[in-house]
$ cat coords-v1.txt   # compact mmCIF, C-alpha atoms
# COMPACT_ATOMS: atom_id res chain seq x y z
CA GLU A 1 0.00 0.00 0.00
CA GLU A 2 1.20 3.51 -0.87
CA ALA A 3 -0.49 6.80 -0.04
CA THR A 4 -0.02 10.50 -0.79
CA ASP A 5 -2.23 13.49 -0.01
CA SER A 6 -4.47 12.70 -2.97
CA ARG A 7 -3.79 9.09 -4.02
CA ILE A 8 -3.88 5.61 -2.53
CA THR A 9 -2.36 2.63 -4.33
CA LEU A 10 -3.31 -0.90 -3.27
CA ALA A 11 -1.21 -3.75 -4.69
CA TYR A 12 -2.45 -7.32 -4.26
CA SER A 13 -0.02 -10.24 -4.26
CA GLY A 14 -1.00 -13.49 -5.90
CA ASP A 15 -4.22 -14.67 -7.55
CA ILE A 16 -7.63 -13.21 -6.79
CA ASN A 17 -11.14 -13.67 -8.19
CA PHE A 18 -11.81 -10.86 -10.67
CA SER A 19 -15.50 -10.46 -9.83
CA GLN A 20 -14.67 -10.29 -6.15
CA ILE A 21 -12.15 -7.48 -6.45
CA ILE A 22 -14.35 -5.22 -8.61
CA GLN A 23 -17.59 -5.59 -6.67
CA GLY A 24 -16.71 -2.60 -4.47
CA PHE A 25 -16.08 -0.37 -7.48
CA PRO A 26 -19.35 0.13 -9.41
CA VAL A 27 -17.82 2.16 -12.26
CA ILE A 28 -15.21 -0.52 -13.02
CA SER A 29 -17.71 -3.30 -12.48
CA SER A 30 -20.14 -1.79 -14.99
CA LEU A 31 -17.44 -1.35 -17.63
CA SER A 32 -16.18 -4.89 -17.08
CA SER A 33 -19.68 -6.28 -17.42
CA ASN A 34 -20.31 -4.42 -20.67
CA LEU A 35 -17.06 -5.75 -22.14
CA GLY A 36 -17.46 -9.29 -20.79
CA ILE A 37 -14.06 -9.20 -19.07
CA SER A 38 -14.97 -11.41 -16.13
CA GLU A 39 -15.80 -14.26 -18.52
CA GLU A 40 -12.34 -14.06 -20.07
CA LEU A 41 -10.52 -13.33 -16.79
CA PRO A 42 -12.17 -15.24 -13.94
CA THR A 43 -8.90 -14.98 -11.99
CA ILE A 44 -6.29 -12.22 -12.12
CA THR A 45 -2.76 -12.06 -10.70
CA ASN A 46 -1.09 -9.19 -8.79
CA PRO A 47 -3.71 -6.52 -9.57
CA ILE A 48 -3.20 -2.89 -8.52
CA ILE A 49 -6.00 -0.48 -7.54
CA THR A 50 -5.38 3.28 -7.63
CA ILE A 51 -7.76 5.73 -5.95
CA ASP A 52 -7.27 9.43 -6.77
CA ASN A 53 -8.82 12.26 -4.73
CA PHE A 54 -9.80 9.67 -2.14
CA GLN A 55 -10.51 12.33 0.50
CA THR A 56 -13.20 13.96 -1.61
CA SER A 57 -16.64 13.08 -2.94
CA GLN A 58 -15.14 12.95 -6.45
CA ALA A 59 -12.78 10.01 -6.02
CA SER A 60 -11.77 8.13 -9.17
CA PHE A 61 -10.67 4.50 -9.43
CA GLN A 62 -8.41 2.48 -11.71
CA LEU A 63 -7.69 -1.22 -11.76
CA ARG A 64 -4.48 -2.39 -13.44
CA ILE A 65 -4.06 -6.07 -14.31
CA PRO A 66 -0.42 -6.76 -15.25
CA ASN A 67 1.24 -9.09 -17.71
CA LEU A 68 -1.70 -10.58 -19.62
CA GLU A 69 -1.23 -12.77 -22.69
CA THR A 70 -2.48 -11.25 -25.94
CA THR A 71 -3.89 -14.56 -27.17
CA ALA A 72 -5.88 -15.05 -23.96
CA LEU A 73 -7.77 -11.79 -24.45
CA SER A 74 -8.21 -11.71 -28.22
CA SER A 75 -11.98 -11.35 -27.81
CA LEU A 76 -11.60 -8.24 -25.63
CA LEU A 77 -9.07 -6.68 -28.00
CA GLU A 78 -11.50 -7.22 -30.86
CA LYS A 79 -14.36 -5.64 -28.91
CA ILE A 80 -12.37 -2.46 -28.25
CA GLY A 81 -11.02 -2.22 -31.80
CA LEU A 82 -7.41 -3.26 -31.19
CA SER A 83 -7.32 -6.61 -32.93
CA GLY A 84 -5.30 -5.02 -35.75
CA VAL A 85 -2.33 -4.22 -33.49
CA ILE A 86 0.35 -6.79 -34.31
CA SER A 87 2.23 -7.76 -31.14
CA ASN A 88 3.29 -11.02 -29.56
CA ASP A 89 4.10 -9.26 -26.31
CA ASN A 90 2.08 -9.50 -23.13
CA PHE A 91 0.32 -6.35 -21.97
CA ASP A 92 -1.00 -4.57 -18.89
CA LEU A 93 -4.74 -3.84 -18.89
CA THR A 94 -6.07 -0.80 -17.00
CA LEU A 95 -9.78 -0.24 -16.39
CA GLY A 96 -11.07 3.18 -15.35
CA GLU A 97 -14.16 5.32 -15.61
CA GLU A 98 -15.47 4.68 -19.13
CA GLN A 99 -12.00 3.92 -20.48
CA VAL A 100 -9.64 1.02 -21.08
CA SER A 101 -5.88 1.24 -21.53
CA VAL A 102 -3.61 -1.43 -23.01
CA THR A 103 0.14 -1.10 -22.40
CA TYR A 104 2.27 -3.47 -24.49
CA LEU A 105 5.27 -4.91 -22.63
CA GLY A 106 7.76 -4.81 -25.46
CA ASP A 107 9.06 -2.72 -28.35
CA LEU A 108 6.84 -1.72 -31.29
CA SER A 109 7.24 0.47 -34.35
CA LEU A 110 5.56 3.80 -33.55
CA SER A 111 4.47 4.32 -37.16
CA ASN A 112 3.02 0.82 -37.52
CA LEU A 113 1.27 1.09 -34.17
CA VAL A 114 -0.44 4.38 -35.01
CA GLN A 115 -1.46 3.09 -38.44
CA SER A 116 -3.20 0.10 -36.85
CA VAL A 117 -5.37 2.02 -34.36
CA PRO A 118 -8.82 3.13 -35.56
CA GLY A 119 -9.44 6.86 -35.73
CA VAL A 120 -5.75 7.68 -35.22
CA GLU A 121 -4.26 6.36 -38.45
CA GLY A 122 -5.29 9.41 -40.48
CA LEU A 123 -3.42 11.84 -38.28
CA GLY A 124 -0.46 9.49 -38.20
CA THR A 125 -0.30 9.68 -41.99
CA GLN A 126 -0.56 13.47 -41.96
CA LEU A 127 2.28 13.81 -39.45
CA GLN A 128 4.54 11.55 -41.54
CA LEU A 129 5.79 9.63 -38.51
CA PRO A 130 9.32 8.29 -39.01
CA SER A 131 9.30 4.59 -39.86
CA ASN A 132 12.52 3.88 -37.97
CA ILE A 133 11.34 4.79 -34.45
CA THR A 134 10.79 1.87 -32.09
CA VAL A 135 9.09 2.63 -28.79
CA GLY A 136 9.12 0.63 -25.58
CA SER A 137 5.90 -0.17 -23.73
CA PRO A 138 3.53 2.04 -25.74
CA SER A 139 -0.05 2.47 -24.53
CA ILE A 140 -3.40 2.71 -26.28
CA THR A 141 -6.28 4.31 -24.38
CA VAL A 142 -9.85 3.73 -25.53
CA VAL A 143 -12.39 6.22 -24.14
CA ASN A 144 -16.05 5.14 -24.09
CA PRO A 145 -15.07 1.70 -25.46
CA THR A 146 -18.69 0.48 -25.66
CA ASP A 147 -19.83 3.42 -27.81
CA GLU A 148 -20.32 3.05 -31.55
CA LYS A 149 -17.35 5.39 -32.15
CA PRO A 150 -14.88 5.27 -29.23
CA ASP A 151 -12.01 7.75 -28.95
CA TYR A 152 -8.47 6.39 -29.22
CA GLN A 153 -5.10 7.74 -28.13
CA VAL A 154 -1.65 6.22 -28.70
CA SER A 155 1.02 7.18 -26.16
CA ALA A 156 4.76 6.59 -26.15
CA SER A 157 7.30 7.74 -23.55
CA HIS A 158 10.96 8.72 -23.47
CA LEU A 159 11.41 9.19 -27.22
CA PRO A 160 14.84 10.56 -28.21
CA ILE A 161 14.35 14.08 -29.53
CA THR A 162 17.08 13.54 -32.14
CA GLU A 163 14.87 10.95 -33.85
CA LEU A 164 11.89 13.32 -33.83
CA SER A 165 13.58 16.48 -35.09
CA ASN A 166 11.95 16.41 -38.53
CA LEU A 167 8.52 15.62 -37.06
CA LEU A 168 8.82 18.49 -34.58
CA THR A 169 10.17 21.16 -36.93
CA SER A 170 8.31 20.40 -40.16
CA GLN A 171 5.01 19.02 -38.83
CA ILE A 172 4.13 19.91 -35.24
CA ILE A 173 5.71 23.36 -34.87
CA THR A 174 4.10 24.55 -38.12
CA LEU A 175 0.65 23.98 -36.56
CA ILE A 176 1.13 26.75 -33.96
CA PRO A 177 1.24 30.54 -34.54
CA GLU A 178 4.49 31.88 -35.99
CA ASN A 179 4.98 34.36 -33.17
CA VAL A 180 5.47 31.56 -30.61
CA GLN A 181 7.30 29.03 -32.80
CA SER A 182 10.73 30.33 -31.85
CA ALA A 183 10.01 30.16 -28.10
CA THR A 184 8.61 26.64 -28.51
CA ASN A 185 11.74 25.51 -30.37
CA GLU A 186 13.85 26.88 -27.51
CA LEU A 187 12.07 24.48 -25.17
CA PHE A 188 12.80 21.48 -27.41
CA ALA A 189 16.49 22.39 -27.21
CA GLN A 190 16.43 21.97 -23.42
CA VAL A 191 15.46 18.28 -23.29
CA GLU A 192 16.79 15.05 -24.73
CA LYS A 193 13.53 13.08 -24.72
CA LEU A 194 9.80 13.63 -25.23
CA ASN A 195 6.57 11.83 -24.48
CA LEU A 196 4.16 11.76 -27.42
CA ALA A 197 0.39 11.12 -27.45
CA ILE A 198 -1.60 11.01 -30.69
CA GLY A 199 -5.40 10.93 -30.88
CA ASP A 200 -7.90 11.50 -33.64
CA GLU A 201 -8.20 15.24 -32.99
CA GLU A 202 -5.18 15.96 -30.79
CA VAL A 203 -1.41 15.73 -30.57
CA GLU A 204 0.22 16.11 -27.17
CA VAL A 205 3.94 16.56 -26.63
CA THR A 206 5.27 16.36 -23.06
CA TYR A 207 8.81 17.62 -22.48
CA ASP A 208 10.55 14.83 -20.56
CA GLY A 209 12.55 16.71 -17.94
CA ASP A 210 13.01 20.13 -16.35
CA VAL A 211 12.42 23.07 -18.69
CA ASP A 212 12.72 26.84 -18.26
CA VAL A 213 9.38 27.97 -19.72
CA ILE A 214 9.69 31.71 -19.15
CA SER A 215 10.32 32.62 -22.81
CA LEU A 216 7.13 30.97 -24.00
CA ILE A 217 5.10 32.45 -21.13
CA LEU A 218 6.45 35.90 -22.06
CA SER A 219 5.52 35.43 -25.71
CA LEU A 220 1.96 34.37 -24.92
CA SER A 221 1.31 36.84 -22.11
CA ASN A 222 2.55 39.75 -24.22
CA GLN A 223 0.18 38.72 -26.99
CA LEU A 224 -2.66 38.86 -24.45
CA GLY A 225 -1.61 42.31 -23.34
CA LEU A 226 -0.52 41.06 -19.92
CA THR A 227 2.70 41.93 -18.15
CA LEU A 228 3.68 38.83 -16.20
CA PRO A 229 7.34 38.05 -15.41
CA GLN A 230 10.10 40.54 -15.96
CA ALA A 231 12.81 39.99 -18.57
CA GLY A 232 15.66 37.95 -17.17
CA ALA A 233 13.41 35.92 -14.86
CA THR A 234 13.44 32.11 -14.96
CA LEU A 235 10.81 29.51 -14.24
CA THR A 236 11.98 25.91 -14.42
CA VAL A 237 9.28 23.26 -14.19
CA PRO A 238 9.15 19.50 -14.82
CA ASN A 239 7.36 18.04 -17.84
CA PRO A 240 5.40 20.94 -19.40
CA ILE A 241 2.93 19.98 -22.14
CA LEU A 242 2.29 21.32 -25.66
CA ARG A 243 -1.15 20.28 -26.94
CA ILE A 244 -2.46 20.82 -30.49
CA GLN A 245 -6.15 20.29 -31.14
CA ASN A 246 -7.88 19.77 -34.50
CA PRO A 247 -4.51 19.47 -36.29
CA LYS A 248 -6.11 18.14 -39.50
CA THR A 249 -8.51 21.04 -40.09
CA ASP A 250 -8.35 24.15 -37.89
CA PRO A 251 -5.42 23.74 -35.48
CA SER A 252 -5.34 25.46 -32.12
CA PHE A 253 -2.89 24.97 -29.30
CA ASP A 254 -2.32 25.41 -25.60
CA PHE A 255 0.69 25.04 -23.33
CA THR A 256 0.41 23.66 -19.81
CA VAL A 257 2.85 24.50 -17.04
CA PRO A 258 2.07 21.85 -14.40
CA GLN A 259 2.01 22.08 -10.63
CA LEU A 260 3.26 25.59 -9.98
CA SER A 261 3.73 26.39 -6.33
CA LYS A 262 1.67 29.09 -4.66
CA GLU A 263 4.67 31.43 -4.68
CA GLU A 264 5.38 30.85 -8.39
CA ASP A 265 1.71 31.33 -9.25
CA THR A 266 1.43 34.54 -7.25
CA ASN A 267 4.63 35.93 -8.79
CA LEU A 268 3.29 35.28 -12.29
CA LEU A 269 -0.32 36.36 -11.97
CA GLY A 270 -0.58 38.47 -8.83
CA SER A 271 0.62 41.64 -10.55
CA ILE A 272 -1.81 41.53 -13.49
CA GLU A 273 -3.32 44.98 -13.76
CA GLY A 274 -7.09 44.98 -13.27
CA LEU A 275 -7.25 41.47 -11.80
CA PRO A 276 -10.64 41.19 -10.01
CA SER A 277 -10.53 40.98 -6.23
CA TYR A 278 -12.13 37.52 -6.27
CA ALA A 279 -9.30 36.31 -8.52
CA ASN A 280 -6.77 37.54 -5.96
CA GLU A 281 -8.74 35.66 -3.29
CA LEU A 282 -8.55 32.54 -5.45
CA LEU A 283 -4.79 32.94 -5.84
CA ALA A 284 -4.51 33.05 -2.05
CA ALA A 285 -6.65 29.93 -1.57
CA ALA A 286 -4.61 27.46 -3.61
CA THR A 287 -1.35 25.65 -2.87
CA ASN A 288 -0.50 24.23 -6.32
CA VAL A 289 -1.89 25.09 -9.75
CA ASP A 290 -1.67 24.10 -13.39
CA LEU A 291 -1.19 27.10 -15.69
CA GLN A 292 -2.53 26.68 -19.23
CA LEU A 293 -1.80 29.31 -21.88
CA SER A 294 -2.78 29.80 -25.51
CA ASP A 295 -2.61 32.76 -27.87
CA SER A 296 -6.07 33.88 -26.68
CA GLU A 297 -6.44 32.97 -23.00
CA ILE A 298 -4.89 31.86 -19.72
CA ARG A 299 -6.50 29.24 -17.50
CA VAL A 300 -5.37 28.63 -13.92
CA THR A 301 -6.58 25.33 -12.44
CA TYR A 302 -6.21 24.83 -8.72
CA LEU A 303 -5.07 21.31 -7.85
CA GLY A 304 -6.97 19.68 -5.05
CA GLU A 305 -9.67 21.11 -2.83
CA ALA A 306 -9.98 24.81 -2.06
CA ASN A 307 -12.31 26.62 0.34
CA LEU A 308 -13.93 29.26 -1.87
CA SER A 309 -16.12 30.99 0.71
CA SER A 310 -14.10 34.22 0.59
CA VAL A 311 -14.03 34.08 -3.23
CA ILE A 312 -17.82 33.76 -3.41
CA ASN A 313 -18.21 36.60 -0.91
CA GLN A 314 -16.01 38.83 -3.06
CA ILE A 315 -18.06 38.02 -6.15
CA SER A 316 -21.34 38.69 -4.33
CA THR A 317 -20.02 42.05 -3.15
CA GLU A 318 -19.05 43.02 -6.69
CA LEU A 319 -22.55 42.00 -7.83
CA GLY A 320 -24.09 44.34 -5.25
CA TYR A 321 -25.19 41.86 -2.59
CA SER A 322 -24.57 42.95 1.01
CA ASN A 323 -24.85 39.49 2.61
CA THR A 324 -22.02 37.01 3.00
CA ILE A 325 -21.78 33.30 3.67
CA GLU A 326 -20.14 31.81 6.73
CA GLN A 327 -20.06 28.13 5.83
CA GLN A 328 -17.17 26.55 3.97
CA VAL A 329 -17.67 25.89 0.26
CA THR A 330 -14.94 23.39 -0.63
CA LEU A 331 -14.55 22.36 -4.27
CA LEU A 332 -12.13 20.21 -6.22
CA ASN A 333 -10.01 21.77 -8.97
CA PRO A 334 -11.72 25.15 -9.54
CA SER A 335 -10.24 27.29 -12.31
CA LEU A 336 -9.91 30.91 -13.39
CA LEU A 337 -10.08 31.91 -17.06
CA ILE A 338 -8.51 35.14 -18.34
CA ARG A 339 -9.21 36.04 -21.97
CA GLU A 340 -8.65 39.09 -24.14
CA GLU A 341 -11.74 40.22 -26.05
CA ALA A 342 -11.79 41.73 -29.55
CA ASP A 343 -11.91 45.26 -28.09
CA ASN A 344 -8.76 44.54 -26.01
CA THR A 345 -10.71 44.37 -22.75
CA LYS A 346 -10.11 41.45 -20.36
CA PHE A 347 -12.73 38.81 -19.65
CA TYR A 348 -12.56 36.85 -16.39
CA GLU A 349 -14.49 33.70 -15.58
CA LEU A 350 -14.50 31.57 -12.45
CA ILE A 351 -15.27 27.90 -13.15
CA LEU A 352 -16.54 25.78 -10.26
CA PRO A 353 -16.77 22.14 -11.39
CA GLN A 354 -19.33 19.68 -10.08
CA ILE A 355 -20.64 21.79 -7.21
CA PRO A 356 -23.56 19.95 -5.52
CA THR A 357 -26.97 21.44 -6.34
CA GLY A 358 -27.93 21.62 -2.67
CA GLU A 359 -24.80 23.59 -1.88
CA VAL A 360 -25.48 26.03 -4.72
CA MET A 361 -29.03 26.65 -3.47
CA GLY A 362 -27.80 27.10 0.09
CA VAL A 363 -25.19 29.66 -0.94
CA LEU A 364 -27.63 31.58 -3.13
CA GLY A 365 -30.17 31.57 -0.33
CA ASP A 366 -27.66 33.01 2.13
CA LEU A 367 -26.58 35.72 -0.29
CA THR A 368 -30.02 36.79 -1.52
CA GLU A 369 -32.13 35.90 1.56
CA VAL A 370 -34.37 33.91 -0.79
CA SER A 371 -35.06 30.34 0.30
$ encode --input "coords-v1.txt" --output "structure tokens"
Amino acid sequence: EEATDSRITLAYSGDINFSQIIQGFPVISSLSSNLGISEELPTITNPIITIDNFQTSQASFQLRIPNLETTALSSLLEKIGLSGVISNDNFDLTLGEEQVSVTYLGDLSLSNLVQSVPGVEGLGTQLQLPSNITVGSPSITVVNPTDEKPDYQVSASHLPITELSNLLTSQIITLIPENVQSATNELFAQVEKLNLAIGDEEVEVTYDGDVDVISLILSLSNQLGLTLPQAGATLTVPNPILRIQNPKTDPSFDFTVPQLSKEEDTNLLGSIEGLPSYANELLAAATNVDLQLSDSEIRVTYLGEANLSSVINQISTELGYSNTIEQQVTLLNPSLLIREEADNTKFYELILPQIPTGEVMGVLGDLTEVS
């Protein structure tokens, strides 16, 4: 057993009845039933259960079953559209909320793998993936595997950047605006390896290592009319992510700087001129954040739970309400959106995900004195 502030990992040793282990996890049990997994796997060996956000009402569960034989699960692979993947290697199977992941325990050609996965092969052709790249333990994730048209994503880790130079410079970089291409290339020069994920409508490149991202943040924030860090500053973070959406038709991009500390976040965003008071309250409430930037907006997502009572009180004051709330309103992963409008004014939006209806009505009742 391993535990952190937000995750518990339970590793079982030996054989266990599959139906028995999933009966306490309705989401996994339902997916397994729909795919007929228990019929093919009555007994599993050394399974691992991961529970994220276990201290909240929004916990998520994953079950990983290691080292399965491809021939033993040919029926499952056919059901989820992966019968065309040619591999004699065993694989790990991971079941989550409405998704299945298959991780092959061997080396495969990246180009051949992408070409054999439904929905992804078209983008693979467009990107002209090098035929000489072999990847170790690639993964295929199938989202909504029981739908008529599931979504697929192929992922490969620790790819040498020297083997991807042509793909990066002539294919991926050309899909982002010219004014940030130079700063993006600077980031590629700082790492030796990348993680690559390819879906039907998305390409995701994760820089494998520590990267100073300040030049790209400067380029994007200046385009939004925001003065963030000063010239000469540095901000080194592990594993930032470049994501390109709709690459085949109308490409757009965003860049994620993961898990900034409260101090780093405040230094970057706290001095934005005109930042609403509730946004400053939100900055003060969070410990770690993900910062996501594009050429049109900045999104700050607060990692974990945050008590937003003071934030809601600030918003109510700005809306003209004189009442405040005393109770705690604790939410998981709230986010703040900052966008520049066509008239160069700033638009701010506070996003509160999955807030219980009863809690919303209680807060509104306290603020408006309407029950």
$ axis_aligned_box --input "coords-v1.txt" --around "range 142-151 of chain A" --padding-each-side "3 Å" --output "lines of an AutoDock Vina configuration file"
center_x = -15.1
center_y = 4.1
center_z = -28.1
size_x = 16.5
size_y = 13.3
size_z = 14.1
$ residues_around --input "coords-v1.txt" --residues "Asn344 in chain A" --least-positions-apart "2" --cutoff "12 Å" --atoms "all atoms listed in the file" --output "PyMOL selection string"
chain A and resi 223-226+296+339-342+346-347
$ atom_distance --input "coords-v1.txt" --atom1 "CA of Phe18 in chain A" --atom2 "CA of Val143 in chain A"
21.8 Å
$ residues_around --input "coords-v1.txt" --residues "Val191 in chain A" --least-positions-apart "2" --cutoff "7 Å" --atoms "all atoms listed in the file" --output "PyMOL selection string"
chain A and resi 188-189+193+207-209
$ residues_near_point --input "coords-v1.txt" --point "(-1.3, -1.7, -21.7)" --cutoff "10 Å" --atoms "all atoms listed in the file" --output "list of chain:residue names"
A:Arg64, A:Ile65, A:Pro66, A:Asn67, A:Leu68, A:Asn90, A:Phe91, A:Asp92, A:Leu93, A:Thr94, A:Val100, A:Ser101, A:Val102, A:Thr103, A:Tyr104, A:Leu105, A:Ser137, A:Pro138, A:Ser139, A:Ile140, A:Thr141
$ closest_residue --input "coords-v1.txt" --among "A:Thr162, A:Gly136, A:Glu263, A:Gly119" --to "Asp89 in chain A" --atoms "all atoms listed in the file"
A:Gly136
$ residues_near_point --input "coords-v1.txt" --point "(-3.4, 29.5, -21.6)" --cutoff "10 Å" --atoms "only C-alpha atoms" --output "list in words"
Ile217, Leu220, Ser221, Leu224, Phe253, Asp254, Phe255, Thr256, Val257, Asp290, Leu291, Gln292, Leu293, Ser294, Asp295, Ser296, Glu297, Ile298, Arg299, Val300, Leu337, Ile338 and Arg339 of chain A
$ decode --input "coords-v1.txt" --residues "range 190-212 of chain A" --atoms "N, CA and C atoms" --output "PDB file, in the first residue's frame"
ATOM      1  N   GLN A 190      16.042  22.175 -24.821  1.00  0.00           N
ATOM      2  CA  GLN A 190      16.428  21.975 -23.422  1.00  0.00           C
ATOM      3  C   GLN A 190      16.303  20.526 -22.947  1.00  0.00           C
ATOM      4  N   VAL A 191      15.670  19.667 -23.741  1.00  0.00           N
ATOM      5  CA  VAL A 191      15.464  18.284 -23.292  1.00  0.00           C
ATOM      6  C   VAL A 191      16.032  17.305 -24.308  1.00  0.00           C
ATOM      7  N   GLU A 192      16.282  16.097 -23.854  1.00  0.00           N
ATOM      8  CA  GLU A 192      16.795  15.049 -24.731  1.00  0.00           C
ATOM      9  C   GLU A 192      15.703  14.078 -25.162  1.00  0.00           C
ATOM     10  N   LYS A 193      14.599  14.029 -24.395  1.00  0.00           N
ATOM     11  CA  LYS A 193      13.530  13.081 -24.723  1.00  0.00           C
ATOM     12  C   LYS A 193      12.166  13.739 -24.567  1.00  0.00           C
ATOM     13  N   LEU A 194      11.175  13.150 -25.263  1.00  0.00           N
ATOM     14  CA  LEU A 194       9.803  13.633 -25.232  1.00  0.00           C
ATOM     15  C   LEU A 194       8.863  12.460 -25.016  1.00  0.00           C
ATOM     16  N   ASN A 195       7.683  12.772 -24.481  1.00  0.00           N
ATOM     17  CA  ASN A 195       6.574  11.832 -24.479  1.00  0.00           C
ATOM     18  C   ASN A 195       5.562  12.319 -25.515  1.00  0.00           C
ATOM     19  N   LEU A 196       5.037  11.395 -26.303  1.00  0.00           N
ATOM     20  CA  LEU A 196       4.157  11.762 -27.418  1.00  0.00           C
ATOM     21  C   LEU A 196       2.840  11.008 -27.290  1.00  0.00           C
ATOM     22  N   ALA A 197       1.721  11.737 -27.441  1.00  0.00           N
ATOM     23  CA  ALA A 197       0.391  11.122 -27.447  1.00  0.00           C
ATOM     24  C   ALA A 197      -0.348  11.613 -28.689  1.00  0.00           C
ATOM     25  N   ILE A 198      -0.918  10.680 -29.444  1.00  0.00           N
ATOM     26  CA  ILE A 198      -1.604  11.010 -30.692  1.00  0.00           C
ATOM     27  C   ILE A 198      -3.019  10.450 -30.636  1.00  0.00           C
ATOM     28  N   GLY A 199      -4.007  11.335 -30.796  1.00  0.00           N
ATOM     29  CA  GLY A 199      -5.401  10.933 -30.876  1.00  0.00           C
ATOM     30  C   GLY A 199      -5.978  11.336 -32.214  1.00  0.00           C
ATOM     31  N   ASP A 200      -7.278  11.159 -32.373  1.00  0.00           N
ATOM     32  CA  ASP A 200      -7.903  11.501 -33.643  1.00  0.00           C
ATOM     33  C   ASP A 200      -7.881  12.995 -33.893  1.00  0.00           C
ATOM     34  N   GLU A 201      -8.105  13.785 -32.841  1.00  0.00           N
ATOM     35  CA  GLU A 201      -8.197  15.236 -32.991  1.00  0.00           C
ATOM     36  C   GLU A 201      -7.195  15.974 -32.122  1.00  0.00           C
ATOM     37  N   GLU A 202      -6.095  15.303 -31.718  1.00  0.00           N
ATOM     38  CA  GLU A 202      -5.176  15.961 -30.795  1.00  0.00           C
ATOM     39  C   GLU A 202      -3.795  15.323 -30.843  1.00  0.00           C
ATOM     40  N   VAL A 203      -2.792  16.181 -30.766  1.00  0.00           N
ATOM     41  CA  VAL A 203      -1.411  15.732 -30.573  1.00  0.00           C
ATOM     42  C   VAL A 203      -0.896  16.386 -29.301  1.00  0.00           C
ATOM     43  N   GLU A 204      -0.292  15.583 -28.439  1.00  0.00           N
ATOM     44  CA  GLU A 204       0.215  16.107 -27.173  1.00  0.00           C
ATOM     45  C   GLU A 204       1.685  15.738 -27.026  1.00  0.00           C
ATOM     46  N   VAL A 205       2.507  16.758 -26.810  1.00  0.00           N
ATOM     47  CA  VAL A 205       3.943  16.562 -26.630  1.00  0.00           C
ATOM     48  C   VAL A 205       4.298  16.989 -25.209  1.00  0.00           C
ATOM     49  N   THR A 206       4.835  16.054 -24.417  1.00  0.00           N
ATOM     50  CA  THR A 206       5.273  16.364 -23.058  1.00  0.00           C
ATOM     51  C   THR A 206       6.793  16.378 -23.027  1.00  0.00           C
ATOM     52  N   TYR A 207       7.358  17.498 -22.597  1.00  0.00           N
ATOM     53  CA  TYR A 207       8.810  17.616 -22.485  1.00  0.00           C
ATOM     54  C   TYR A 207       9.261  16.761 -21.306  1.00  0.00           C
ATOM     55  N   ASP A 208      10.157  15.814 -21.553  1.00  0.00           N
ATOM     56  CA  ASP A 208      10.552  14.830 -20.556  1.00  0.00           C
ATOM     57  C   ASP A 208      11.755  15.362 -19.773  1.00  0.00           C
ATOM     58  N   GLY A 209      11.475  16.149 -18.740  1.00  0.00           N
ATOM     59  CA  GLY A 209      12.549  16.713 -17.939  1.00  0.00           C
ATOM     60  C   GLY A 209      12.208  18.109 -17.479  1.00  0.00           C
ATOM     61  N   ASP A 210      13.183  18.760 -16.851  1.00  0.00           N
ATOM     62  CA  ASP A 210      13.007  20.129 -16.352  1.00  0.00           C
ATOM     63  C   ASP A 210      13.258  21.126 -17.474  1.00  0.00           C
ATOM     64  N   VAL A 211      12.352  22.110 -17.596  1.00  0.00           N
ATOM     65  CA  VAL A 211      12.422  23.074 -18.691  1.00  0.00           C
ATOM     66  C   VAL A 211      12.164  24.476 -18.145  1.00  0.00           C
ATOM     67  N   ASP A 212      12.977  25.438 -18.566  1.00  0.00           N
ATOM     68  CA  ASP A 212      12.717  26.841 -18.259  1.00  0.00           C
ATOM     69  C   ASP A 212      11.698  27.366 -19.273  1.00  0.00           C
TER      70      ASP A 212
END
